[in-house]
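Have a look at final_25.txt below; it lists compact mmCIF, C-alpha atoms.
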# COMPACT_ATOMS: atom_id res chain seq x y z
CA MET C 1 -49.61 5.60 -41.45
CA MET C 2 -48.74 8.65 -39.45
CA LYS C 3 -48.49 6.66 -36.23
CA ASN C 4 -46.23 4.08 -37.81
CA ASN C 5 -43.98 6.75 -39.14
CA LEU C 6 -43.78 8.34 -35.75
CA LYS C 7 -42.67 5.08 -34.09
CA ILE C 8 -39.95 4.50 -36.61
CA LEU C 9 -38.57 7.94 -36.13
CA THR C 10 -38.57 7.56 -32.35
CA VAL C 11 -36.64 4.28 -32.45
CA ALA C 12 -34.12 5.70 -34.82
CA SER C 13 -33.59 8.63 -32.54
CA LEU C 14 -32.99 6.48 -29.47
CA VAL C 15 -30.50 4.25 -31.25
CA SER C 16 -28.62 7.28 -32.35
CA LEU C 17 -28.45 8.58 -28.79
CA SER C 18 -27.24 5.28 -27.39
CA LEU C 19 -24.36 5.00 -29.81
CA GLY C 20 -23.39 8.61 -29.53
CA VAL C 21 -23.04 9.08 -25.77
CA SER C 22 -19.48 9.63 -24.68
CA ALA C 23 -19.75 9.16 -20.96
CA THR C 24 -16.56 10.73 -19.80
CA THR C 25 -13.05 11.62 -20.83
CA GLU C 26 -10.60 12.53 -18.14
CA THR C 27 -6.91 13.11 -17.74
CA LEU C 28 -5.59 11.28 -14.71
CA THR C 29 -2.32 12.13 -13.04
CA GLY C 30 0.40 10.26 -11.20
CA THR C 31 3.59 11.50 -9.67
CA PHE C 32 7.21 10.62 -9.17
CA THR C 33 10.29 12.28 -7.80
CA THR C 34 13.76 11.71 -9.10
CA ILE C 35 16.11 10.08 -6.68
CA LYS C 36 18.89 11.99 -4.97
CA ASP C 37 22.14 11.69 -6.85
CA VAL C 38 24.54 9.36 -5.15
CA SER C 39 27.99 10.69 -4.34
CA ILE C 40 31.07 9.67 -2.44
CA ALA C 41 33.51 11.73 -0.44
CA GLU C 42 36.79 10.89 1.22
CA ASN C 43 36.65 11.36 4.97
CA GLN C 44 40.07 9.90 5.62
CA GLN C 45 42.84 9.06 3.20
CA LEU C 46 44.13 5.52 2.91
CA LEU C 47 47.75 5.53 4.02
CA LEU C 48 50.17 2.59 3.76
CA THR C 49 53.53 3.03 5.38
CA GLY C 50 56.86 1.24 5.67
CA LEU C 51 57.10 -0.25 2.19
CA ASN C 52 60.59 -1.51 1.50
CA LEU C 53 62.49 -0.30 -1.53
CA ALA C 54 63.11 -3.53 -3.43
CA THR C 55 60.83 -4.54 -6.27
CA ASN C 56 57.99 -6.85 -5.16
CA SER C 57 58.16 -5.65 -1.58
CA GLN C 58 54.70 -5.89 -0.07
CA CYS C 59 52.85 -4.05 2.67
CA ASP C 60 49.47 -4.97 4.08
CA LEU C 61 46.97 -2.97 6.09
CA GLU C 62 44.22 -5.44 6.71
CA ALA C 63 40.64 -4.36 7.21
CA SER C 64 38.28 -6.89 8.70
CA THR C 65 34.57 -7.38 8.23
CA ASP C 66 34.39 -9.36 11.42
CA GLY C 67 32.90 -7.21 14.13
CA THR C 68 35.08 -8.86 16.75
CA GLY C 69 38.36 -8.93 14.79
CA THR C 70 41.47 -6.95 15.62
CA ASP C 71 41.35 -5.38 12.17
CA TYR C 72 37.77 -4.14 12.60
CA ILE C 73 37.47 -0.40 12.61
CA GLY C 74 34.48 -0.44 14.95
CA ASP C 75 30.78 0.30 14.89
CA ALA C 76 31.29 3.91 15.87
CA ALA C 77 33.57 4.73 12.94
CA LEU C 78 31.20 2.95 10.56
CA ALA C 79 28.17 4.71 12.09
CA ILE C 80 26.23 1.48 12.37
CA GLY C 81 23.98 0.06 15.03
CA SER C 82 24.96 -3.59 15.12
CA GLY C 83 23.41 -4.25 18.48
CA ASN C 84 26.74 -5.56 19.73
CA ALA C 85 28.70 -2.37 20.34
CA ASN C 86 31.74 -3.69 18.53
CA ALA C 87 34.71 -1.53 19.37
CA ALA C 88 37.67 -0.82 17.15
CA GLY C 89 40.19 -3.68 17.02
CA ALA C 90 43.73 -3.37 18.30
CA ALA C 91 45.40 -3.79 14.90
CA ILE C 92 43.58 -1.31 12.71
CA THR C 93 46.75 0.68 12.10
CA THR C 94 49.18 -2.22 12.08
CA MET C 95 51.27 -2.71 8.94
CA GLY C 96 52.47 -6.17 7.94
CA GLY C 97 53.62 -8.25 5.03
CA ALA C 98 56.82 -9.41 3.37
CA GLY C 99 58.77 -6.25 2.67
CA CYS C 100 57.10 -3.97 5.15
CA LEU C 101 58.39 -2.25 8.26
CA ALA C 102 55.85 -3.48 10.81
CA SER C 103 56.58 -0.78 13.35
CA THR C 104 55.10 1.88 11.11
CA THR C 105 51.49 2.98 11.40
CA GLY C 106 48.99 2.88 8.59
CA GLN C 107 45.56 4.42 8.27
CA PHE C 108 42.33 3.05 6.87
CA GLY C 109 40.70 4.92 4.07
CA LEU C 110 37.21 6.07 5.05
CA TYR C 111 34.75 7.09 2.35
CA GLU C 112 31.24 8.38 2.87
CA ILE C 113 28.44 7.53 0.49
CA ASP C 114 25.62 10.03 0.25
CA GLY C 115 22.39 9.05 -1.48
CA ALA C 116 18.70 8.45 -1.03
CA ALA C 117 17.49 7.34 2.39
CA GLY C 118 17.10 3.60 2.57
CA ALA C 119 18.17 3.07 -1.02
CA THR C 120 20.21 0.05 -2.01
CA VAL C 121 23.51 0.69 -3.75
CA THR C 122 26.20 -1.48 -5.24
CA VAL C 123 29.73 -0.58 -4.25
CA THR C 124 32.53 -1.74 -6.52
CA VAL C 125 36.21 -1.29 -5.80
CA THR C 126 38.81 -1.47 -8.56
CA ASP C 127 42.50 -1.96 -7.83
CA GLY C 128 44.93 0.74 -8.84
CA ALA C 129 48.54 1.01 -9.92
CA SER C 130 51.06 3.60 -10.88
CA THR C 131 54.29 2.83 -12.68
CA ASP C 132 55.88 2.30 -9.28
CA VAL C 133 53.36 0.82 -6.91
CA SER C 134 50.14 -1.18 -7.12
CA ILE C 135 47.46 -1.35 -4.45
CA ASN C 136 44.61 -3.80 -3.92
CA PRO C 137 42.11 -2.11 -1.60
CA ALA C 138 39.86 -4.35 0.47
CA GLY C 139 37.54 -3.77 3.37
CA CYS C 140 33.85 -3.39 4.01
CA VAL C 141 30.83 -1.15 3.61
CA ALA C 142 28.27 -0.32 6.27
CA ASN C 143 25.00 -2.06 5.48
CA TYR C 144 21.90 -0.86 7.29
CA VAL C 145 18.98 -3.05 8.23
CA ALA C 146 15.87 -0.93 8.64
CA GLY C 147 14.95 -0.33 12.25
CA VAL C 148 16.88 -0.90 15.45
CA ASP C 149 20.18 -2.82 15.31
CA GLY C 150 21.19 -5.53 12.84
CA ASP C 151 23.54 -3.31 10.84
CA ALA C 152 26.82 -4.87 9.72
CA CYS C 153 29.80 -4.28 7.47
CA THR C 154 29.72 -6.05 4.11
CA ILE C 155 32.99 -7.12 2.53
CA VAL C 156 34.13 -5.34 -0.61
CA GLU C 157 37.15 -5.71 -2.88
CA GLN C 158 37.87 -6.00 -6.55
CA GLY C 159 35.69 -8.79 -7.92
CA THR C 160 33.47 -8.77 -4.85
CA PRO C 161 31.05 -5.86 -5.04
CA ALA C 162 29.05 -5.01 -1.93
CA ILE C 163 25.33 -4.51 -2.18
CA VAL C 164 24.28 -2.44 0.79
CA ARG C 165 21.34 -0.40 1.98
CA LEU C 166 21.99 3.20 2.90
CA ALA C 167 20.74 4.31 6.28
CA GLY C 168 17.05 5.11 6.44
CA ALA C 169 14.98 7.21 8.78
CA THR C 170 14.29 4.36 11.20
CA ASP C 171 17.85 3.11 11.57
CA THR C 172 19.27 3.28 15.05
CA GLY C 173 21.52 1.29 17.35
CA SER C 174 20.10 0.23 20.68
CA LEU C 175 23.50 0.50 22.36
CA GLY C 176 24.42 3.84 20.90
CA GLU C 177 27.63 2.40 19.50
CA GLY C 178 27.31 4.04 16.12
CA THR C 179 24.88 6.64 14.87
CA PRO C 180 23.42 5.99 11.43
CA VAL C 181 23.02 9.08 9.29
CA VAL C 182 20.05 9.04 6.95
CA GLY C 183 21.02 8.45 3.33
CA LYS C 184 24.63 7.60 4.15
CA SER C 185 27.03 4.72 4.52
CA ILE C 186 30.70 4.42 5.27
CA ILE C 187 33.31 2.43 3.38
CA ALA C 188 36.41 1.40 5.32
CA LEU C 189 39.34 0.14 3.26
CA GLY C 190 42.74 -1.23 3.98
CA ALA C 191 44.96 -2.41 1.13
CA THR C 192 47.97 -4.36 0.00
CA ALA C 193 50.68 -2.32 -1.70
CA ILE C 194 53.36 -3.88 -3.89
CA ALA C 195 56.49 -2.21 -5.24
CA LEU C 196 56.55 -2.67 -8.98
CA VAL C 197 60.03 -1.23 -9.33
CA ASP C 198 62.86 -0.38 -7.00
CA LEU C 199 61.62 2.55 -4.99
CA THR C 200 63.25 5.64 -3.63
CA ALA C 201 63.65 6.03 0.14
CA GLU C 202 61.52 8.50 2.09
CA THR C 203 59.26 9.18 -0.86
CA ASP C 204 55.48 9.32 -1.02
CA TYR C 205 53.92 7.47 -3.91
CA ASP C 206 50.34 8.27 -4.82
CA VAL C 207 48.30 5.51 -6.36
CA ASP C 208 44.78 6.03 -7.64
CA PHE C 209 42.06 3.45 -7.35
CA THR C 210 38.36 3.61 -8.09
CA ILE C 211 35.17 3.20 -6.08
CA ASP C 212 31.94 3.01 -8.06
CA ILE C 213 28.58 3.50 -6.42
CA THR C 214 25.40 2.75 -8.33
CA TYR C 215 21.78 2.44 -7.31
CA MET W 1 -84.87 38.75 -44.30
CA GLN W 2 -84.46 36.73 -47.46
CA PRO W 3 -80.92 37.80 -48.04
CA ASN W 4 -80.09 36.77 -44.52
CA LYS W 5 -81.38 33.23 -45.03
CA THR W 6 -79.10 32.86 -47.96
CA LYS W 7 -76.08 33.86 -45.89
CA LEU W 8 -76.99 31.32 -43.17
CA ALA W 9 -77.19 28.52 -45.67
CA LEU W 10 -73.83 29.36 -47.03
CA LYS W 11 -72.25 29.39 -43.52
CA ILE W 12 -73.69 25.98 -42.70
CA GLY W 13 -72.35 24.62 -45.92
CA ALA W 14 -68.91 25.89 -45.09
CA VAL W 15 -68.96 24.28 -41.66
CA VAL W 16 -70.01 20.92 -43.04
CA LEU W 17 -67.31 21.06 -45.65
CA GLY W 18 -64.76 21.83 -42.97
CA ALA W 19 -65.86 18.91 -40.83
CA LEU W 20 -65.66 16.57 -43.78
CA CYS W 21 -62.07 17.63 -44.41
CA ALA W 22 -61.11 16.95 -40.77
CA SER W 23 -62.31 13.39 -40.87
CA ASN W 24 -59.98 12.58 -43.77
CA SER W 25 -56.74 13.33 -41.87
CA TYR W 26 -55.90 13.66 -38.20
CA ALA W 27 -52.83 15.11 -36.57
CA ASP W 28 -51.87 15.22 -32.95
CA THR W 29 -48.73 15.56 -30.87
CA PHE W 30 -47.29 12.56 -29.00
CA THR W 31 -44.57 12.67 -26.39
CA ALA W 32 -41.74 10.15 -26.10
CA GLN W 33 -39.55 10.14 -23.03
CA VAL W 34 -35.83 9.62 -23.29
CA THR W 35 -33.91 9.10 -20.04
CA THR W 36 -30.23 9.78 -20.10
CA VAL W 37 -27.80 7.29 -18.61
CA ASP W 38 -26.31 7.82 -15.17
CA ASP W 39 -23.36 10.09 -14.96
CA VAL W 40 -20.06 8.33 -15.00
CA VAL W 41 -17.95 9.39 -12.06
CA ILE W 42 -14.32 8.44 -11.66
CA THR W 43 -13.03 8.54 -8.10
CA GLU W 44 -9.40 8.07 -7.14
CA ARG W 45 -9.07 5.43 -4.46
CA GLN W 46 -5.27 5.31 -4.41
CA ALA W 47 -2.89 7.78 -5.99
CA LEU W 48 -0.55 6.68 -8.73
CA ALA W 49 2.93 7.28 -7.34
CA PHE W 50 6.38 6.02 -8.28
CA GLY W 51 7.91 7.52 -5.13
CA SER W 52 11.35 9.09 -4.98
CA ASN W 53 12.92 6.20 -6.83
CA ILE W 54 13.43 7.38 -10.38
CA PHE W 55 16.92 7.88 -11.76
CA THR W 56 17.86 10.91 -13.79
CA THR W 57 19.73 9.15 -16.60
CA ALA W 58 18.47 9.64 -20.14
CA GLY W 59 17.66 6.51 -22.07
CA THR W 60 16.47 4.53 -19.05
CA SER W 61 12.98 3.45 -18.12
CA CYS W 62 11.03 2.30 -15.11
CA VAL W 63 8.01 0.00 -14.91
CA LEU W 64 5.47 -0.02 -12.09
CA GLY W 65 4.07 -3.53 -12.14
CA VAL W 66 0.29 -3.78 -12.50
CA GLY W 67 -1.07 -6.57 -14.64
CA VAL W 68 -3.87 -8.97 -15.34
CA GLY W 69 -5.60 -11.24 -12.86
CA GLY W 70 -3.64 -14.36 -12.05
CA GLY W 71 -0.31 -12.83 -13.11
CA LEU W 72 2.77 -11.87 -11.12
CA THR W 73 1.70 -8.23 -11.05
CA ALA W 74 -2.03 -8.82 -10.50
CA PRO W 75 -3.59 -6.47 -7.94
CA GLY W 76 -5.84 -9.27 -6.75
CA SER W 77 -9.57 -9.77 -6.45
CA VAL W 78 -9.90 -8.33 -2.96
CA LEU W 79 -8.37 -5.01 -3.89
CA MET W 80 -10.24 -4.84 -7.17
CA ASN W 81 -13.61 -5.99 -5.81
CA TYR W 82 -14.34 -9.00 -7.94
CA THR W 83 -14.64 -12.74 -7.67
CA ASP W 84 -13.29 -15.34 -10.02
CA THR W 85 -14.34 -18.91 -10.57
CA ALA W 86 -11.33 -20.02 -12.54
CA THR W 87 -9.40 -23.01 -11.24
CA GLY W 88 -6.76 -22.33 -8.63
CA THR W 89 -6.27 -18.94 -7.05
CA PRO W 90 -6.15 -16.48 -9.93
CA GLY W 91 -7.64 -13.85 -7.65
CA ASP W 92 -4.50 -13.68 -5.55
CA GLN W 93 -2.32 -10.61 -5.58
CA GLY W 94 0.84 -11.19 -7.59
CA ALA W 95 4.20 -11.16 -5.81
CA ASN W 96 5.46 -8.32 -8.00
CA TYR W 97 2.35 -6.19 -7.86
CA GLY W 98 3.20 -2.57 -7.20
CA LEU W 99 6.97 -3.04 -7.45
CA LEU W 100 9.33 -1.07 -9.63
CA SER W 101 11.63 -2.64 -12.18
CA GLY W 102 13.88 -1.46 -14.98
CA ASP W 103 17.16 0.37 -15.39
CA GLY W 104 15.64 3.77 -14.64
CA CYS W 105 14.68 3.26 -11.02
CA VAL W 106 15.35 1.45 -7.78
CA VAL W 107 14.46 -2.13 -8.63
CA GLY W 108 12.10 -3.74 -6.14
CA ALA W 109 10.96 -0.47 -4.57
CA GLY W 110 7.41 -0.87 -3.30
CA SER W 111 4.89 0.53 -0.88
CA ALA W 112 7.50 1.05 1.83
CA ASP W 113 9.33 3.29 -0.62
CA GLY W 114 6.33 5.41 -1.53
CA VAL W 115 5.34 3.38 -4.57
CA THR W 116 1.60 2.92 -5.08
CA PRO W 117 -0.27 1.87 -8.21
CA GLY W 118 -3.15 4.14 -9.10
CA ILE W 119 -6.60 2.71 -8.39
CA TRP W 120 -9.79 4.37 -9.52
CA ASP W 121 -13.40 3.40 -8.90
CA VAL W 122 -15.89 4.21 -11.63
CA THR W 123 -19.61 4.48 -10.94
CA GLY W 124 -22.42 4.49 -13.48
CA LEU W 125 -25.44 2.52 -14.63
CA ALA W 126 -25.67 -0.85 -12.86
CA GLY W 127 -25.17 -3.57 -15.43
CA GLY W 128 -24.51 -1.01 -18.14
CA ALA W 129 -22.01 -1.99 -20.78
CA VAL W 130 -19.05 0.30 -21.23
CA SER W 131 -15.96 0.67 -23.33
CA ILE W 132 -12.80 1.66 -21.51
CA LEU W 133 -9.84 3.15 -23.30
CA VAL W 134 -6.62 4.50 -21.83
CA THR W 135 -4.38 6.57 -24.02
CA GLU W 136 -0.82 7.77 -23.72
CA ILE W 137 -0.61 11.54 -24.00
CA ALA W 138 2.20 14.07 -24.21
CA GLN W 139 3.64 14.91 -20.81
CA THR W 140 4.04 18.40 -19.42
CA ASP W 141 7.77 17.84 -19.24
CA ALA W 142 9.01 16.57 -22.58
CA ALA W 143 11.99 14.98 -20.85
CA ILE W 144 9.79 12.00 -20.05
CA THR W 145 7.17 9.82 -21.64
CA TYR W 146 4.63 7.76 -19.77
CA GLU W 147 2.76 4.77 -21.10
CA PRO W 148 -0.14 3.69 -18.86
CA SER W 149 -0.84 0.02 -18.35
CA GLY W 150 -2.70 -2.03 -15.79
CA CYS W 151 -5.97 -3.88 -15.56
CA VAL W 152 -9.66 -3.15 -15.45
CA VAL W 153 -12.28 -5.33 -13.83
CA VAL W 154 -14.73 -6.83 -16.29
CA TYR W 155 -17.83 -8.33 -14.71
CA ASP W 156 -19.79 -11.04 -16.45
CA GLY W 157 -23.17 -10.18 -14.94
CA THR W 158 -23.79 -13.59 -13.42
CA THR W 159 -23.18 -15.49 -10.22
CA GLY W 160 -22.62 -18.71 -12.11
CA ALA W 161 -19.62 -20.23 -13.72
CA GLY W 162 -18.69 -17.05 -15.42
CA LEU W 163 -15.39 -15.32 -15.14
CA ASP W 164 -15.10 -11.90 -13.62
CA ASP W 165 -11.53 -10.83 -14.06
CA CYS W 166 -9.09 -7.97 -14.12
CA THR W 167 -8.41 -7.61 -17.83
CA ALA W 168 -5.36 -6.05 -19.44
CA LEU W 169 -5.57 -2.31 -19.82
CA ALA W 170 -3.02 -1.06 -22.31
CA SER W 171 -2.60 2.25 -24.05
CA GLY W 172 -4.75 2.35 -27.17
CA GLY W 173 -6.58 -0.90 -26.46
CA VAL W 174 -10.34 -0.71 -25.94
CA VAL W 175 -11.73 -3.00 -23.24
CA THR W 176 -15.43 -3.82 -23.19
CA GLY W 177 -16.83 -4.32 -19.73
CA GLN W 178 -19.78 -3.38 -17.61
CA PHE W 179 -20.63 -1.74 -14.37
CA ALA W 180 -21.36 -4.34 -11.71
CA ASP W 181 -24.95 -5.42 -11.74
CA ALA W 182 -27.27 -5.35 -8.75
CA THR W 183 -25.73 -6.37 -5.47
CA GLY W 184 -25.79 -10.12 -5.11
CA SER W 185 -26.33 -10.81 -8.77
CA GLU W 186 -22.70 -10.36 -9.76
CA ASP W 187 -20.39 -12.14 -7.40
CA GLU W 188 -19.53 -15.69 -8.32
CA THR W 189 -20.87 -18.34 -5.99
CA VAL W 190 -18.97 -21.33 -7.32
CA ASP W 191 -15.45 -21.57 -5.88
CA PRO W 192 -15.11 -17.82 -5.66
CA ASP W 193 -12.01 -15.89 -4.77
CA ALA W 194 -12.44 -13.24 -2.16
CA GLY W 195 -13.77 -9.92 -3.33
CA THR W 196 -17.13 -8.21 -3.47
CA SER W 197 -18.61 -6.10 -6.21
CA THR W 198 -20.52 -2.90 -5.63
CA GLU W 199 -23.61 -2.24 -7.73
CA GLY W 200 -22.97 0.21 -10.51
CA GLN W 201 -19.23 0.24 -10.07
CA PHE W 202 -16.05 -1.16 -11.51
CA SER W 203 -12.41 -0.39 -10.77
CA PHE W 204 -9.20 -0.14 -12.69
CA ALA W 205 -5.58 -0.12 -11.56
CA VAL W 206 -2.71 1.51 -13.41
CA GLY W 207 1.07 1.26 -13.14
CA GLY W 208 2.89 1.82 -16.40
CA THR W 209 6.24 2.76 -17.83
CA ILE W 210 8.16 5.98 -17.43
CA SER W 211 10.84 6.51 -20.05
CA ILE W 212 13.45 9.17 -19.49
CA VAL W 213 14.06 10.87 -22.80
CA SER W 214 16.57 13.43 -21.58
CA ALA W 215 18.35 13.80 -18.27
CA LEU W 216 16.16 14.78 -15.34
CA VAL W 217 16.96 16.97 -12.36
CA ALA W 218 17.76 15.05 -9.17
CA GLU W 219 15.35 15.31 -6.23
CA ASN W 220 12.73 16.97 -8.40
CA PRO W 221 9.00 16.15 -8.59
CA TYR W 222 7.37 15.28 -11.90
CA ASP W 223 3.83 14.46 -12.98
CA VAL W 224 2.80 11.73 -15.35
CA GLN W 225 -0.58 11.88 -17.06
CA PHE W 226 -2.76 9.71 -19.22
CA GLN W 227 -6.22 9.96 -20.68
CA ILE W 228 -9.12 7.64 -20.03
CA ASP W 229 -12.33 7.46 -22.05
CA ILE W 230 -15.29 5.59 -20.65
CA THR W 231 -18.16 5.27 -23.09
CA TYR W 232 -21.54 3.59 -22.73
Rewrite the coordinates I just gave you, this time as structure tokens.
Amino acid sequence: MMKNNLKILTVASLVSLSLGVSATTETLTGTFTTIKDVSIAENQQLLLTGLNLATNSQCDLEASTDGTGTDYIGDAALAIGSGNANAAGAAITTMGGAGCLASTTGQFGLYEIDGAAGATVTVTVTDGASTDVSINPAGCVANYVAGVDGDACTIVEQGTPAIVRLAGATDTGSLGEGTPVVGKSIIALGATAIALVDLTAETDYDVDFTIDITY
Amino acid sequence: MQPNKTKLALKIGAVVLGALCASNSYADTFTAQVTTVDDVVITERQALAFGSNIFTTAGTSCVLGVGVGGGLTAPGSVLMNYTDTATGTPGDQGANYGLLSGDGCVVGAGSADGVTPGIWDVTGLAGGAVSILVTEIAQTDAAITYEPSGCVVVYDGTTGAGLDDCTALASGGVVTGQFADATGSEDETVDPDAGTSTEGQFSFAVGGTISIVSALVAENPYDVQFQIDITY
């Protein structure tokens, strides 16, 4: 009887141990870093010149996305390595349009995006208007392909957002035409301006428009 | 001398009485041996990292894709050291494994962007059954929450038409599995996917969801933590 009792007690004890073992409890850790805020700065103001005074007069400063076009601002100004060394076109300051004095000289707007290296951003341009003048900006945004060459300018205007990659650490141009800057991209915009009312001679009209950058 | 004889007789009687009592009950000490189970050791094979891809905006969230075997975010049988006899190629790595998604981060960011799912190898008693539980815990920085999710390899202990797999690992859900049995006795031999078990080991992979409760500071490092309980 004593031996039997002993066996029963031993079995009960083992069962209890098996159910009760908590092998391990650990706290495991992962990491993340918040992305750099994206911002945009104006490097060069968009200037349209020679707009006639009559209502509905129109002036165009065309900006091309074609690397070989006369309205292309050039790889150097866009800081891209296309691999083609596309120079600035001959007509990047040329004004045109019905109601515009063509002999005047315009100026592309240049805007610099600053964000996380190699990150993809969406650039959206929204037209602007004052009570006197409306403008419809259009142009392109430098898009970087990781590594050597292959960068290009992606068209952007209202209704056509540009999805581009900011320059990363490995971006370079084999021909040295433009120098990518890590975490940055350049937007080059021309525009069409239209007189909404009869304008006053020799007067500057400021018109606001919006560029949105989102990751 | 006579008195002495009397004393001797009495002593003998006492000894006999004592011996008679001993034959009626017997007690001795027996020893049982109890061997404790092997220590469970968790070793990090790959760090859990979301990279520098998380936005700062409150109310957004970001998912690092790690899911069950055969799914779009499956880590795959090679990485997780198991074979699988199911039809097709359920042991393949999913196309979205290890990629970020959601409105709180750079969608599609992956290994090239510093994103790596966490992978841990657990060693213990070969063939021993275990319960695995991951639990969401409060984070050091209350501006975020982190819900772990991923998959854990469950071996079936046979080389036959069983089904080793990477089973869903979700916060609060207990998974019953086992440490891989002896080498050669675990890996499937019928139409196996690539992958090889290691005796006394299983692995789990974790991605999960970061939710940004209140605005974060840009370009700032944060930790995310979770608890794991592994019980025989």
Practice task
Fewer than 5 positions away in the same chain doesn't count, so skip those; otherwise give me all residues within 6 Å of range 64-80 of chain C, counting all atoms listed in the file, as a PyMOL selection string.
Solution key: chain C and resi 86-92+140+151+153+155+177-180+186
Problem - Gap from CA of Ile42 in chain W to CA of Val78 in chain W - Å, one decimal - result: 19.4 Å
Problem - Neighbours of chain C in chain W at 6 Å, counting all atoms listed in the file, as a list of chain:residue names - result: W:Leu48, W:Ala49, W:Phe50, W:Gly51, W:Ser52, W:Asn53, W:Ile54, W:Phe55, W:Ala218, W:Glu219, W:Asn220, W:Pro221, W:Tyr222, W:Asp223, W:Val224, W:Gln225, W:Phe226, W:Gln227, W:Ile228, W:Asp229, W:Ile230, W:Thr231
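From CA of Val141 in chain C back to CA of Asp206 in chain C, the distance works out to 23.2 Å.
Note that CA of Thr122 in chain C and CA of Thr56 in chain W are 17.2 Å apart.
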Problem - Ref. answer, residues at most 10 Å from (58.9, 1.6, -10.8) with all atoms listed in the file, as a PyMOL selection string - result: chain C and resi 54-55+130-134+195-200
Shell of 8 Å around range 92-97 of chain W, only C-alpha atoms, local chain residues under 5 positions omitted, as an mmCIF file with C-alpha atoms, in the frame of the given file:
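Saved file around-v9.cif follows:
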data_model
loop_
_atom_site.group_PDB
_atom_site.id
_atom_site.type_symbol
_atom_site.label_atom_id
_atom_site.label_comp_id
_atom_site.auth_asym_id
_atom_site.auth_seq_id
_atom_site.Cartn_x
_atom_site.Cartn_y
_atom_site.Cartn_z
ATOM 1 C CA GLY W 65 4.070 -3.530 -12.140
ATOM 2 C CA VAL W 66 0.290 -3.780 -12.500
ATOM 3 C CA GLY W 67 -1.070 -6.570 -14.640
ATOM 4 C CA GLY W 69 -5.600 -11.240 -12.860
ATOM 5 C CA GLY W 70 -3.640 -14.360 -12.050
ATOM 6 C CA GLY W 71 -0.310 -12.830 -13.110
ATOM 7 C CA LEU W 72 2.770 -11.870 -11.120
ATOM 8 C CA THR W 73 1.700 -8.230 -11.050
ATOM 9 C CA ALA W 74 -2.030 -8.820 -10.500
ATOM 10 C CA PRO W 75 -3.590 -6.470 -7.940
ATOM 11 C CA GLY W 76 -5.840 -9.270 -6.750
ATOM 12 C CA SER W 77 -9.570 -9.770 -6.450
ATOM 13 C CA ASP W 193 -12.010 -15.890 -4.770
#
Handout entry: Near-Ser149 in chain W list (8 Å; all atoms listed in the file; drop same-chain fewer than 3 positions) as a ChimeraX atom specification
Key = /W:66-67,168-171,206-209
Exercise for the section: Tell me which protein, DNA and RNA residues are within 12 Å of Gln44 in chain C, counting all atoms listed in the file, leaving out same-chain ones fewer than 6 positions away, and put them as a VMD selection string. Expected result: chain C and resid 77 106 to 112 186 to 190
Handout entry: Contacts of range 212-216 of chain W within 6 Å, all atoms listed in the file, excl. fewer than 2 positions in-chain, as an MDAnalysis selection string
Key = chainID W and resid 56:61 143:144
Complete the atoms of range 84-94 of chain C to N, CA and C atoms and put them out as a CSV table (one decimal), keeping the file's coordinate frame.
chain,number,residue,atom,x,y,z
C,84,ASN,N,25.7,-4.9,19.0
C,84,ASN,CA,26.7,-5.6,19.7
C,84,ASN,C,27.8,-4.6,20.3
C,85,ALA,N,27.7,-3.4,19.9
C,85,ALA,CA,28.7,-2.4,20.3
C,85,ALA,C,30.1,-2.8,20.1
C,86,ASN,N,30.4,-3.2,18.9
C,86,ASN,CA,31.7,-3.7,18.5
C,86,ASN,C,32.7,-2.5,18.5
C,87,ALA,N,33.7,-2.6,19.3
C,87,ALA,CA,34.7,-1.5,19.4
C,87,ALA,C,35.8,-1.7,18.3
C,88,ALA,N,36.6,-0.7,18.1
C,88,ALA,CA,37.7,-0.8,17.2
C,88,ALA,C,38.7,-1.9,17.6
C,89,GLY,N,39.2,-2.7,16.7
C,89,GLY,CA,40.2,-3.7,17.0
C,89,GLY,C,41.5,-3.1,17.3
C,90,ALA,N,42.4,-3.9,17.9
C,90,ALA,CA,43.7,-3.4,18.3
C,90,ALA,C,44.7,-3.2,17.1
C,91,ALA,N,44.4,-3.8,16.0
C,91,ALA,CA,45.4,-3.8,14.9
C,91,ALA,C,45.0,-3.0,13.7
C,92,ILE,N,44.1,-2.0,13.9
C,92,ILE,CA,43.6,-1.3,12.7
C,92,ILE,C,44.6,-0.4,12.1
C,93,THR,N,45.7,-0.2,12.7
C,93,THR,CA,46.8,0.7,12.1
C,93,THR,C,48.0,-0.1,11.9
C,94,THR,N,48.0,-1.4,12.1
C,94,THR,CA,49.2,-2.2,12.1
C,94,THR,C,49.5,-2.6,10.7
